[in-house]
file target_32.txt (compact mmCIF, C-alpha atoms)
# COMPACT_ATOMS: atom_id res chain seq x y z
CA MET A 1005 -21.96 14.48 -9.42
CA SER A 1006 -20.27 17.59 -10.66
CA LYS A 1007 -18.14 18.66 -7.75
CA VAL A 1008 -15.61 17.48 -5.25
CA VAL A 1009 -16.21 18.44 -1.64
CA PRO A 1010 -14.16 18.08 1.55
CA LEU A 1011 -15.69 15.43 3.82
CA LYS A 1012 -16.48 16.22 7.43
CA ILE A 1013 -15.99 13.54 10.06
CA ASN A 1014 -19.40 12.44 11.29
CA TYR A 1015 -21.36 9.20 11.63
CA LYS A 1016 -22.94 9.53 8.18
CA THR A 1017 -19.54 9.92 6.47
CA ILE A 1018 -18.15 6.92 8.33
CA GLU A 1019 -21.23 4.88 7.44
CA ASP A 1020 -20.76 5.93 3.79
CA PHE A 1021 -17.10 4.82 3.97
CA LYS A 1022 -18.18 1.24 4.76
CA LYS A 1023 -19.33 0.86 1.14
CA PHE A 1024 -15.76 1.32 -0.10
CA ARG A 1025 -13.42 -1.61 -0.49
CA GLU A 1026 -10.56 0.23 1.19
CA TYR A 1027 -12.14 0.57 4.59
CA GLY A 1028 -9.51 -0.04 7.20
CA LEU A 1029 -7.70 1.13 10.31
CA GLU A 1030 -7.90 4.79 9.30
CA GLU A 1031 -11.70 4.77 9.19
CA LEU A 1032 -11.97 2.58 12.30
CA SER A 1033 -9.74 4.99 14.16
CA MET A 1034 -11.93 7.96 13.09
CA LEU A 1035 -15.00 6.12 14.36
CA GLU A 1036 -13.34 5.31 17.69
CA ASP A 1037 -12.15 8.89 18.12
CA LEU A 1038 -15.63 10.17 17.34
CA GLU A 1039 -17.24 7.76 19.81
CA ALA A 1040 -14.73 8.73 22.49
CA ASN A 1041 -15.30 12.45 21.75
CA MET A 1042 -11.61 12.74 20.88
CA ILE A 1043 -12.60 14.40 17.62
CA GLU A 1044 -15.55 16.71 17.19
CA ASP A 1045 -18.53 15.67 15.10
CA GLY A 1046 -18.12 17.72 11.93
CA ALA A 1047 -14.32 18.12 12.16
CA ASN A 1048 -12.38 18.20 8.89
CA SER A 1049 -11.24 14.84 7.59
CA PRO A 1050 -8.38 14.21 5.16
CA PHE A 1051 -10.99 12.90 2.67
CA PHE A 1052 -12.64 14.51 -0.33
CA GLY A 1053 -15.61 13.05 -2.11
CA VAL A 1054 -18.23 13.22 -4.82
CA TYR A 1055 -21.93 12.78 -4.03
CA ASP A 1056 -24.84 11.62 -6.15
CA ASP A 1057 -27.60 13.40 -4.23
CA GLU A 1058 -26.98 12.21 -0.66
CA LYS A 1059 -24.91 9.20 -1.66
CA LEU A 1060 -21.12 9.26 -1.47
CA VAL A 1061 -19.99 7.58 -4.71
CA GLY A 1062 -16.28 8.43 -4.91
CA ARG A 1063 -13.60 9.49 -2.49
CA MET A 1064 -9.88 10.02 -1.97
CA SER A 1065 -7.66 10.95 0.94
CA LEU A 1066 -5.03 13.69 0.67
CA TYR A 1067 -2.31 13.98 3.23
CA LYS A 1068 0.09 16.93 3.16
CA VAL A 1069 3.71 15.87 3.59
CA GLU A 1070 6.11 18.61 4.63
CA ALA A 1071 9.17 19.39 2.52
CA LYS A 1072 11.52 18.12 5.22
CA TYR A 1073 10.02 14.62 4.88
CA ASP A 1074 9.98 14.68 1.07
CA LYS A 1075 11.95 11.85 -0.55
CA TYR A 1076 10.38 12.10 -4.02
CA PHE A 1077 11.01 15.59 -5.39
CA ASP A 1078 14.27 17.38 -6.05
CA PRO A 1079 14.58 19.95 -4.55
CA PRO A 1080 12.37 18.69 -1.72
CA GLU A 1081 9.04 20.45 -1.36
CA GLY A 1082 5.72 20.03 0.35
CA TYR A 1083 3.50 17.57 -1.52
CA TYR A 1084 0.23 15.69 -1.20
CA GLU A 1085 0.15 11.96 -0.64
CA LEU A 1086 -3.00 10.78 -2.43
CA PHE A 1087 -4.51 7.46 -1.35
CA LYS A 1088 -7.77 5.54 -1.09
CA LEU A 1089 -8.92 6.90 -4.45
CA GLU A 1090 -11.99 4.79 -5.12
CA VAL A 1091 -15.28 5.02 -6.98
CA LEU A 1092 -18.18 2.68 -6.19
CA PRO A 1093 -18.45 -0.04 -8.88
CA GLU A 1094 -21.79 1.14 -10.29
CA TYR A 1095 -20.41 4.67 -10.75
CA ARG A 1096 -17.23 3.77 -12.62
CA GLY A 1097 -16.62 4.99 -16.17
CA LYS A 1098 -18.17 8.38 -15.40
CA ARG A 1099 -14.88 10.22 -14.92
CA ILE A 1100 -15.44 10.59 -11.17
CA GLY A 1101 -11.91 9.33 -10.49
CA SER A 1102 -10.49 11.90 -12.91
CA MET A 1103 -12.58 14.60 -11.25
CA LEU A 1104 -11.06 13.75 -7.87
CA VAL A 1105 -7.49 13.72 -9.20
CA LYS A 1106 -8.04 17.03 -11.04
CA TYR A 1107 -9.24 18.52 -7.77
CA ALA A 1108 -6.06 17.34 -6.02
CA LYS A 1109 -3.96 18.85 -8.83
CA SER A 1110 -5.82 22.17 -8.54
CA LEU A 1111 -4.42 22.59 -5.03
CA GLY A 1112 -1.13 23.58 -6.65
CA HIS A 1113 1.28 21.17 -5.00
CA PRO A 1114 3.06 18.06 -6.26
CA ILE A 1115 1.32 14.74 -5.65
CA LYS A 1116 2.57 11.26 -4.90
CA THR A 1117 0.41 8.16 -5.01
CA ASN A 1118 0.90 4.40 -4.79
CA ALA A 1119 -0.57 3.00 -8.01
CA ARG A 1120 -2.79 -0.04 -7.42
CA ASN A 1121 -2.77 -3.10 -9.63
CA GLY A 1122 -4.16 -2.26 -13.01
CA SER A 1123 -4.29 1.50 -12.44
CA ARG A 1124 -1.08 2.28 -14.34
CA ASN A 1125 -2.79 3.61 -17.48
CA PHE A 1126 -5.12 5.78 -15.43
CA TRP A 1127 -2.20 7.51 -13.70
CA LEU A 1128 -0.27 7.97 -16.93
CA LYS A 1129 -3.37 9.54 -18.51
CA MET A 1130 -3.65 11.86 -15.52
CA GLY A 1131 -0.09 13.07 -16.20
CA PHE A 1132 1.64 11.10 -13.44
CA SER A 1133 5.00 9.35 -13.94
CA PRO A 1134 6.52 6.27 -12.27
CA VAL A 1135 9.58 6.98 -10.13
CA LYS A 1136 12.89 5.15 -10.22
CA TYR A 1137 12.18 2.39 -7.71
CA ASP A 1138 14.14 2.64 -4.46
CA PRO A 1139 13.77 -0.50 -2.30
CA ILE A 1140 14.53 1.27 0.99
CA ARG A 1141 12.11 4.12 0.38
CA ASP A 1142 9.41 2.34 -1.60
CA ARG A 1143 9.27 -1.17 -0.03
CA GLY A 1144 7.02 -2.76 -2.60
CA GLU A 1145 4.97 0.36 -3.40
CA ASN A 1146 4.43 1.59 -6.96
CA PRO A 1147 4.96 5.33 -6.52
CA TYR A 1148 3.66 7.59 -9.26
CA ILE A 1149 4.25 11.33 -9.01
CA TRP A 1150 2.95 14.52 -10.56
CA HIS A 1151 4.35 18.02 -10.43
CA PRO A 1152 2.49 21.23 -11.33
CA ASP A 1153 5.49 22.39 -13.36
CA GLY A 1154 5.26 19.21 -15.40
CA PHE A 1155 8.74 17.73 -15.10
CA MET B 1089 4.66 -27.43 -2.30
CA SER B 1090 6.10 -28.21 1.07
CA LYS B 1091 8.83 -25.67 1.44
CA VAL B 1092 9.62 -21.99 1.19
CA VAL B 1093 12.77 -21.05 -0.69
CA PRO B 1094 14.61 -17.77 -1.24
CA LEU B 1095 14.19 -16.58 -4.83
CA LYS B 1096 17.20 -15.70 -6.95
CA ILE B 1097 16.97 -12.81 -9.38
CA ASN B 1098 17.03 -14.23 -12.90
CA TYR B 1099 14.89 -14.09 -16.02
CA LYS B 1100 12.83 -17.13 -15.03
CA THR B 1101 11.92 -15.64 -11.64
CA ILE B 1102 10.93 -12.34 -13.23
CA GLU B 1103 8.85 -14.16 -15.84
CA ASP B 1104 7.18 -16.12 -13.00
CA PHE B 1105 6.44 -12.82 -11.20
CA LYS B 1106 4.33 -11.63 -14.14
CA LYS B 1107 1.63 -14.13 -13.15
CA PHE B 1108 1.11 -12.32 -9.84
CA ARG B 1109 -1.35 -9.46 -9.53
CA GLU B 1110 1.09 -7.32 -7.61
CA TYR B 1111 3.65 -6.95 -10.34
CA GLY B 1112 4.90 -3.40 -10.29
CA LEU B 1113 7.85 -1.02 -10.20
CA GLU B 1114 9.88 -3.30 -7.94
CA GLU B 1115 9.84 -6.16 -10.45
CA LEU B 1116 10.30 -3.83 -13.43
CA SER B 1117 13.30 -2.31 -11.73
CA MET B 1118 14.81 -5.79 -11.13
CA LEU B 1119 14.33 -6.60 -14.80
CA GLU B 1120 15.96 -3.35 -15.91
CA ASP B 1121 18.88 -3.82 -13.53
CA LEU B 1122 19.34 -7.37 -14.80
CA GLU B 1123 19.24 -6.26 -18.44
CA ALA B 1124 21.73 -3.48 -17.72
CA ASN B 1125 23.98 -5.90 -15.81
CA MET B 1126 23.57 -3.75 -12.73
CA ILE B 1127 22.63 -6.85 -10.79
CA GLU B 1128 24.07 -10.27 -11.37
CA ASP B 1129 21.95 -13.07 -12.76
CA GLY B 1130 21.35 -15.28 -9.73
CA ALA B 1131 21.75 -12.55 -7.09
CA ASN B 1132 19.61 -12.78 -3.97
CA SER B 1133 16.23 -11.11 -4.21
CA PRO B 1134 14.10 -9.95 -1.28
CA PHE B 1135 11.50 -12.54 -2.34
CA PHE B 1136 10.68 -15.99 -0.99
CA GLY B 1137 8.44 -18.44 -2.75
CA VAL B 1138 6.78 -21.82 -2.94
CA TYR B 1139 7.03 -23.97 -6.07
CA ASP B 1140 4.76 -26.66 -7.45
CA ASP B 1141 7.40 -28.54 -9.46
CA GLU B 1142 8.90 -25.78 -11.58
CA LYS B 1143 5.99 -23.39 -11.16
CA LEU B 1144 6.12 -20.51 -8.68
CA VAL B 1145 2.69 -20.57 -7.01
CA GLY B 1146 3.14 -18.28 -4.00
CA ARG B 1147 5.53 -15.56 -2.98
CA MET B 1148 6.23 -12.78 -0.52
CA SER B 1149 8.85 -10.08 -0.14
CA LEU B 1150 10.68 -9.48 3.13
CA TYR B 1151 12.58 -6.31 3.71
CA LYS B 1152 14.71 -5.88 6.84
CA VAL B 1153 14.16 -2.49 8.49
CA GLU B 1154 16.86 -1.39 10.92
CA ALA B 1155 15.98 -0.53 14.51
CA LYS B 1156 16.82 3.14 13.99
CA TYR B 1157 14.01 3.38 11.40
CA ASP B 1158 11.51 1.42 13.48
CA LYS B 1159 8.31 3.32 14.27
CA TYR B 1160 6.19 0.31 15.23
CA PHE B 1161 7.85 -1.46 18.14
CA ASP B 1162 8.69 -0.17 21.59
CA PRO B 1163 11.58 -0.32 22.30
CA PRO B 1164 12.58 0.02 18.62
CA GLU B 1165 14.17 -3.05 17.08
CA GLY B 1166 15.06 -4.47 13.69
CA TYR B 1167 12.00 -5.97 12.00
CA TYR B 1168 10.85 -7.40 8.68
CA GLU B 1169 8.46 -5.53 6.46
CA LEU B 1170 6.41 -8.24 4.73
CA PHE B 1171 4.70 -7.32 1.47
CA LYS B 1172 3.47 -8.76 -1.82
CA LEU B 1173 2.25 -11.92 -0.08
CA GLU B 1174 0.28 -13.59 -2.83
CA VAL B 1175 -0.78 -17.07 -3.91
CA LEU B 1176 -1.95 -17.78 -7.47
CA PRO B 1177 -5.77 -18.13 -7.54
CA GLU B 1178 -5.82 -21.84 -8.42
CA TYR B 1179 -3.52 -22.61 -5.46
CA ARG B 1180 -5.46 -20.80 -2.76
CA GLY B 1181 -6.96 -22.65 0.20
CA LYS B 1182 -3.93 -24.94 0.44
CA ARG B 1183 -2.27 -23.05 3.30
CA ILE B 1184 0.53 -21.76 1.07
CA GLY B 1185 0.02 -18.22 2.43
CA SER B 1186 0.29 -19.54 6.00
CA MET B 1187 3.43 -21.46 5.05
CA LEU B 1188 5.05 -18.26 3.79
CA VAL B 1189 4.10 -16.27 6.90
CA LYS B 1190 5.31 -19.08 9.19
CA TYR B 1191 8.63 -19.00 7.36
CA ALA B 1192 8.88 -15.23 7.94
CA LYS B 1193 8.12 -15.76 11.63
CA SER B 1194 10.78 -18.46 11.89
CA LEU B 1195 13.45 -15.84 11.14
CA GLY B 1196 13.06 -14.65 14.73
CA HIS B 1197 12.35 -10.95 14.22
CA PRO B 1198 9.17 -8.89 14.54
CA ILE B 1199 7.15 -8.42 11.36
CA LYS B 1200 5.06 -5.56 10.05
CA THR B 1201 2.72 -5.83 7.10
CA ASN B 1202 0.07 -3.69 5.42
CA ALA B 1203 -3.12 -5.78 5.49
CA ARG B 1204 -4.96 -5.79 2.17
CA ASN B 1205 -8.71 -5.49 1.85
CA GLY B 1206 -10.35 -8.61 3.17
CA SER B 1207 -7.17 -10.10 4.65
CA ARG B 1208 -7.89 -9.00 8.24
CA ASN B 1209 -9.00 -12.44 9.46
CA PHE B 1210 -6.00 -14.11 7.88
CA TRP B 1211 -3.57 -11.85 9.76
CA LEU B 1212 -5.42 -12.25 13.06
CA LYS B 1213 -5.29 -16.03 12.60
CA MET B 1214 -1.56 -15.77 11.97
CA GLY B 1215 -1.16 -14.02 15.35
CA PHE B 1216 -0.79 -10.46 14.02
CA SER B 1217 -2.45 -7.44 15.66
CA PRO B 1218 -3.63 -4.13 14.21
CA VAL B 1219 -1.71 -1.09 15.44
CA LYS B 1220 -3.17 2.11 16.81
CA TYR B 1221 -3.54 4.09 13.58
CA ASP B 1222 -1.19 7.07 13.25
CA PRO B 1223 -2.06 9.27 10.23
CA ILE B 1224 1.44 10.70 9.84
CA ARG B 1225 3.18 7.35 10.00
CA ASP B 1226 0.56 5.14 8.38
CA ARG B 1227 -1.01 7.36 5.66
CA GLY B 1228 -3.88 5.12 4.74
CA GLU B 1229 -2.06 1.82 5.36
CA ASN B 1230 -3.52 -0.92 7.55
CA PRO B 1231 -0.47 -1.96 9.55
CA TYR B 1232 -0.59 -5.32 11.31
CA ILE B 1233 2.33 -6.41 13.44
CA TRP B 1234 3.67 -9.58 15.01
CA HIS B 1235 6.34 -10.02 17.67
CA PRO B 1236 8.15 -13.30 18.51
CA ASP B 1237 7.63 -12.62 22.21
CA GLY B 1238 3.92 -12.24 21.65
CA PHE B 1239 3.72 -8.98 23.68
call {"tool": "encode", "arguments": {"input": "target_32.txt", "output": "structure tokens"}}
result
Amino acid sequence: MSKVVPLKINYKTIEDFKKFREYGLEELSMLEDLEANMIEDGANSPFFGVYDDEKLVGRMSLYKVEAKYDKYFDPPEGYYELFKLEVLPEYRGKRIGSMLVKYAKSLGHPIKTNARNGSRNFWLKMGFSPVKYDPIRDRGENPYIWHPDGF
Amino acid sequence: MSKVVPLKINYKTIEDFKKFREYGLEELSMLEDLEANMIEDGANSPFFGVYDDEKLVGRMSLYKVEAKYDKYFDPPEGYYELFKLEVLPEYRGKRIGSMLVKYAKSLGHPIKTNARNGSRNFWLKMGFSPVKYDPIRDRGENPYIWHPDGF
């Protein structure tokens, strides 16, 4: 449990994903595409994870948003949308979540996430800041952002 | 607990909101705007709720998205984004969630929501359908949609 690795799309990964609370349309769509041969077994996924031996115990998804779609940074720039950050219950408190976020930060781009209930202190500790809420843009989300230059 | 009412922005409403799990930047921003007199005490909020006597026991937020921003319906049309649907734990199982969704449907426009973990069956029962997942548009969300014409 010392490193973060990119996750390939294959049946084992998708089976592993079922253990996570936030299993939804994204994972179902991957499975369907795999079954229909619309994506190759072993293709890159947007997910990164941490294994304990063969067991996936933490994961996150990173999606690169191009500068032209950026509504969070000024001036606009390419950033990562970080979501589905989750560590299996029995592996919490071991800094696996921090390890994943540090990995995302090491990629050298700003990051935006939607802070879940009760995760506020975690994001503040990771150096993220809440944005000024914009109802049209944010529609009920709790966006927290981080920038490599630290503003 | 027999009717859904629009919620006015005032200190009581915001205090009531603190009992809900999904209290976040949106509510904090309302409070700040109220304190700074940037919104009037008693202004309309995007929230609707159900009271048990004086106690707010269920709520949801409805945000009208204009047709030109619609990426879910074909042809594009104005729809409601429904979020923060939540009933206080001790009031669950009394169909208050259904009452709120029925109210949203009665407004006569399509609805889009992001289905939370474990809420899939609820949305299917309410006549919503999952969309075909689009990673660029949906970024980890679980969009479920409903259309008055039942397409």
call {"tool": "interface_residues", "arguments": {"input": "target_32.txt", "of": "chain A", "to": "chain B", "cutoff": "7 Å", "atoms": "all atoms listed in the file", "output": "JSON, numbers by chain"}}
result
{"A": [1025, 1026, 1028, 1029, 1030, 1033, 1087, 1121, 1137, 1144, 1146]}
call {"tool": "atom_distance", "arguments": {"input": "target_32.txt", "atom1": "atom CA of Asp1141 of chain B", "atom2": "atom CA of Ser1090 of chain B"}}
result
10.6 Å
call {"tool": "residues_around", "arguments": {"input": "target_32.txt", "residues": "Ile1013 of chain A", "least_positions_apart": "5", "cutoff": "10 Å", "atoms": "all atoms listed in the file", "output": "JSON, numbers by chain"}}
result
{"A": [1018, 1031, 1034, 1035, 1038, 1043, 1044, 1045, 1046, 1047, 1048, 1049, 1050, 1051]}
call {"tool": "write_last_selection", "arguments": {"input": "target_32.txt", "atoms": "C-alpha atoms", "output": "PDB file, in the frame of the given file"}}
result
ATOM      1  CA  ILE A1018     -18.150   6.920   8.330  1.00  0.00           C
ATOM      2  CA  GLU A1031     -11.700   4.770   9.190  1.00  0.00           C
ATOM      3  CA  MET A1034     -11.930   7.960  13.090  1.00  0.00           C
ATOM      4  CA  LEU A1035     -15.000   6.120  14.360  1.00  0.00           C
ATOM      5  CA  LEU A1038     -15.630  10.170  17.340  1.00  0.00           C
ATOM      6  CA  ILE A1043     -12.600  14.400  17.620  1.00  0.00           C
ATOM      7  CA  GLU A1044     -15.550  16.710  17.190  1.00  0.00           C
ATOM      8  CA  ASP A1045     -18.530  15.670  15.100  1.00  0.00           C
ATOM      9  CA  GLY A1046     -18.120  17.720  11.930  1.00  0.00           C
ATOM     10  CA  ALA A1047     -14.320  18.120  12.160  1.00  0.00           C
ATOM     11  CA  ASN A1048     -12.380  18.200   8.890  1.00  0.00           C
ATOM     12  CA  SER A1049     -11.240  14.840   7.590  1.00  0.00           C
ATOM     13  CA  PRO A1050      -8.380  14.210   5.160  1.00  0.00           C
ATOM     14  CA  PHE A1051     -10.990  12.900   2.670  1.00  0.00           C
TER      15      PHE A1051
END
call {"tool": "calpha_fit_and_write", "arguments": {"input": "target_32.txt", "fixed": "chain B", "moving": "chain A", "output": "CSV table (one decimal) with C-alpha atoms, keeping the file's coordinate frame"}}
result
chain,number,residue,atom,x,y,z
A,1005,MET,CA,4.7,-27.4,-2.3
A,1006,SER,CA,6.1,-28.2,1.1
A,1007,LYS,CA,8.9,-25.6,1.5
A,1008,VAL,CA,9.6,-22.0,1.2
A,1009,VAL,CA,12.8,-21.0,-0.7
A,1010,PRO,CA,14.6,-17.7,-1.2
A,1011,LEU,CA,14.2,-16.6,-4.8
A,1012,LYS,CA,17.2,-15.7,-6.9
A,1013,ILE,CA,17.0,-12.8,-9.4
A,1014,ASN,CA,17.0,-14.2,-12.9
A,1015,TYR,CA,14.9,-14.1,-16.0
A,1016,LYS,CA,12.8,-17.1,-15.0
A,1017,THR,CA,11.9,-15.6,-11.6
A,1018,ILE,CA,10.9,-12.3,-13.2
A,1019,GLU,CA,8.8,-14.2,-15.8
A,1020,ASP,CA,7.2,-16.1,-13.0
A,1021,PHE,CA,6.4,-12.8,-11.2
A,1022,LYS,CA,4.3,-11.6,-14.2
A,1023,LYS,CA,1.6,-14.1,-13.1
A,1024,PHE,CA,1.1,-12.3,-9.8
A,1025,ARG,CA,-1.4,-9.5,-9.5
A,1026,GLU,CA,1.1,-7.3,-7.6
A,1027,TYR,CA,3.6,-6.9,-10.3
A,1028,GLY,CA,4.9,-3.4,-10.3
A,1029,LEU,CA,7.8,-1.0,-10.2
A,1030,GLU,CA,9.9,-3.3,-8.0
A,1031,GLU,CA,9.8,-6.2,-10.5
A,1032,LEU,CA,10.3,-3.8,-13.4
A,1033,SER,CA,13.3,-2.3,-11.7
A,1034,MET,CA,14.8,-5.8,-11.1
A,1035,LEU,CA,14.3,-6.6,-14.8
A,1036,GLU,CA,16.0,-3.4,-15.9
A,1037,ASP,CA,18.9,-3.8,-13.6
A,1038,LEU,CA,19.3,-7.4,-14.8
A,1039,GLU,CA,19.2,-6.3,-18.5
A,1040,ALA,CA,21.7,-3.5,-17.8
A,1041,ASN,CA,24.0,-5.9,-15.9
A,1042,MET,CA,23.6,-3.8,-12.8
A,1043,ILE,CA,22.6,-6.9,-10.8
A,1044,GLU,CA,24.1,-10.3,-11.4
A,1045,ASP,CA,22.0,-13.1,-12.8
A,1046,GLY,CA,21.3,-15.3,-9.7
A,1047,ALA,CA,21.8,-12.5,-7.1
A,1048,ASN,CA,19.6,-12.8,-4.0
A,1049,SER,CA,16.2,-11.1,-4.2
A,1050,PRO,CA,14.1,-9.9,-1.3
A,1051,PHE,CA,11.5,-12.5,-2.3
A,1052,PHE,CA,10.7,-16.0,-1.0
A,1053,GLY,CA,8.4,-18.4,-2.7
A,1054,VAL,CA,6.8,-21.8,-2.9
A,1055,TYR,CA,7.0,-24.0,-6.1
A,1056,ASP,CA,4.8,-26.7,-7.5
A,1057,ASP,CA,7.4,-28.5,-9.5
A,1058,GLU,CA,8.9,-25.8,-11.6
A,1059,LYS,CA,6.0,-23.4,-11.2
A,1060,LEU,CA,6.1,-20.5,-8.7
A,1061,VAL,CA,2.7,-20.6,-7.0
A,1062,GLY,CA,3.1,-18.3,-4.0
A,1063,ARG,CA,5.5,-15.5,-3.0
A,1064,MET,CA,6.2,-12.8,-0.5
A,1065,SER,CA,8.8,-10.1,-0.1
A,1066,LEU,CA,10.7,-9.5,3.2
A,1067,TYR,CA,12.6,-6.3,3.7
A,1068,LYS,CA,14.7,-5.9,6.9
A,1069,VAL,CA,14.2,-2.5,8.5
A,1070,GLU,CA,16.9,-1.4,10.9
A,1071,ALA,CA,16.0,-0.5,14.5
A,1072,LYS,CA,16.8,3.1,14.0
A,1073,TYR,CA,14.0,3.4,11.4
A,1074,ASP,CA,11.5,1.4,13.5
A,1075,LYS,CA,8.3,3.3,14.3
A,1076,TYR,CA,6.2,0.3,15.2
A,1077,PHE,CA,7.9,-1.5,18.2
A,1078,ASP,CA,8.7,-0.2,21.6
A,1079,PRO,CA,11.6,-0.3,22.3
A,1080,PRO,CA,12.6,0.0,18.6
A,1081,GLU,CA,14.2,-3.1,17.1
A,1082,GLY,CA,15.1,-4.5,13.7
A,1083,TYR,CA,12.0,-6.0,12.0
A,1084,TYR,CA,10.9,-7.4,8.7
A,1085,GLU,CA,8.5,-5.5,6.5
A,1086,LEU,CA,6.4,-8.2,4.7
A,1087,PHE,CA,4.7,-7.3,1.5
A,1088,LYS,CA,3.5,-8.8,-1.8
A,1089,LEU,CA,2.2,-11.9,-0.1
A,1090,GLU,CA,0.3,-13.6,-2.8
A,1091,VAL,CA,-0.8,-17.1,-3.9
A,1092,LEU,CA,-2.0,-17.8,-7.5
A,1093,PRO,CA,-5.8,-18.1,-7.5
A,1094,GLU,CA,-5.8,-21.8,-8.4
A,1095,TYR,CA,-3.5,-22.6,-5.5
A,1096,ARG,CA,-5.5,-20.8,-2.8
A,1097,GLY,CA,-6.9,-22.7,0.2
A,1098,LYS,CA,-3.9,-24.9,0.4
A,1099,ARG,CA,-2.2,-23.1,3.3
A,1100,ILE,CA,0.5,-21.8,1.1
A,1101,GLY,CA,0.0,-18.2,2.4
A,1102,SER,CA,0.3,-19.6,6.0
A,1103,MET,CA,3.4,-21.5,5.0
A,1104,LEU,CA,5.1,-18.3,3.8
A,1105,VAL,CA,4.1,-16.3,6.9
A,1106,LYS,CA,5.3,-19.1,9.2
A,1107,TYR,CA,8.6,-19.0,7.4
A,1108,ALA,CA,8.9,-15.2,7.9
A,1109,LYS,CA,8.1,-15.7,11.6
A,1110,SER,CA,10.8,-18.4,11.9
A,1111,LEU,CA,13.5,-15.8,11.1
A,1112,GLY,CA,13.1,-14.6,14.7
A,1113,HIS,CA,12.4,-11.0,14.2
A,1114,PRO,CA,9.2,-8.9,14.6
A,1115,ILE,CA,7.2,-8.4,11.4
A,1116,LYS,CA,5.1,-5.6,10.1
A,1117,THR,CA,2.7,-5.8,7.1
A,1118,ASN,CA,0.1,-3.7,5.4
A,1119,ALA,CA,-3.1,-5.8,5.5
A,1120,ARG,CA,-5.0,-5.8,2.2
A,1121,ASN,CA,-8.7,-5.5,1.9
A,1122,GLY,CA,-10.3,-8.6,3.2
A,1123,SER,CA,-7.2,-10.1,4.7
A,1124,ARG,CA,-7.9,-9.0,8.3
A,1125,ASN,CA,-9.0,-12.5,9.5
A,1126,PHE,CA,-6.0,-14.1,7.9
A,1127,TRP,CA,-3.6,-11.9,9.8
A,1128,LEU,CA,-5.4,-12.3,13.1
A,1129,LYS,CA,-5.3,-16.0,12.6
A,1130,MET,CA,-1.5,-15.8,12.0
A,1131,GLY,CA,-1.1,-14.0,15.4
A,1132,PHE,CA,-0.8,-10.5,14.0
A,1133,SER,CA,-2.4,-7.5,15.7
A,1134,PRO,CA,-3.6,-4.1,14.2
A,1135,VAL,CA,-1.7,-1.1,15.5
A,1136,LYS,CA,-3.1,2.1,16.8
A,1137,TYR,CA,-3.5,4.1,13.6
A,1138,ASP,CA,-1.2,7.1,13.3
A,1139,PRO,CA,-2.0,9.3,10.3
A,1140,ILE,CA,1.5,10.7,9.9
A,1141,ARG,CA,3.2,7.3,10.0
A,1142,ASP,CA,0.6,5.1,8.4
A,1143,ARG,CA,-1.0,7.4,5.7
A,1144,GLY,CA,-3.8,5.1,4.8
A,1145,GLU,CA,-2.0,1.8,5.4
A,1146,ASN,CA,-3.5,-0.9,7.6
A,1147,PRO,CA,-0.5,-2.0,9.6
A,1148,TYR,CA,-0.6,-5.3,11.3
A,1149,ILE,CA,2.3,-6.4,13.5
A,1150,TRP,CA,3.7,-9.6,15.0
A,1151,HIS,CA,6.4,-10.0,17.7
A,1152,PRO,CA,8.1,-13.3,18.5
A,1153,ASP,CA,7.6,-12.6,22.2
A,1154,GLY,CA,3.9,-12.4,21.6
A,1155,PHE,CA,3.0,-9.0,23.0
call {"tool": "closest_residue", "arguments": {"input": "target_32.txt", "among": "A:Glu1019, A:Glu1036, A:Leu1092, A:Phe1077", "to": "Val1054 of chain A", "atoms": "only C-alpha atoms"}}
result
A:Leu1092
call {"tool": "residues_around", "arguments": {"input": "target_32.txt", "residues": "Arg1147 of chain B", "least_positions_apart": "6", "cutoff": "7 Å", "atoms": "only C-alpha atoms", "output": "PyMOL selection string"}}
result
chain B and resi 1135-1138+1173-1175
call {"tool": "residues_near_point", "arguments": {"input": "target_32.txt", "point": "(-1.4, 12.0, -8.5)", "cutoff": "7 Å", "atoms": "all atoms listed in the file", "output": "ChimeraX atom specification"}}
result
/A:1086,1105,1115-1117,1127,1132,1148-1150
call {"tool": "atom_distance", "arguments": {"input": "target_32.txt", "atom1": "atom CA of Gly1062 of chain A", "atom2": "atom CA of Lys1109 of chain A"}}
result
16.6 Å
call {"tool": "closest_residue", "arguments": {"input": "target_32.txt", "among": "A:Tyr1015, A:Tyr1076, A:Tyr1055, A:Phe1021", "to": "Asp1037 of chain A", "atoms": "only C-alpha atoms"}}
result
A:Tyr1015
call {"tool": "closest_residue", "arguments": {"input": "target_32.txt", "among": "B:Glu1165, B:Glu1123, B:Asp1158, B:Asp1237", "to": "Arg1225 of chain B", "atoms": "all atoms listed in the file"}}
result
B:Asp1158
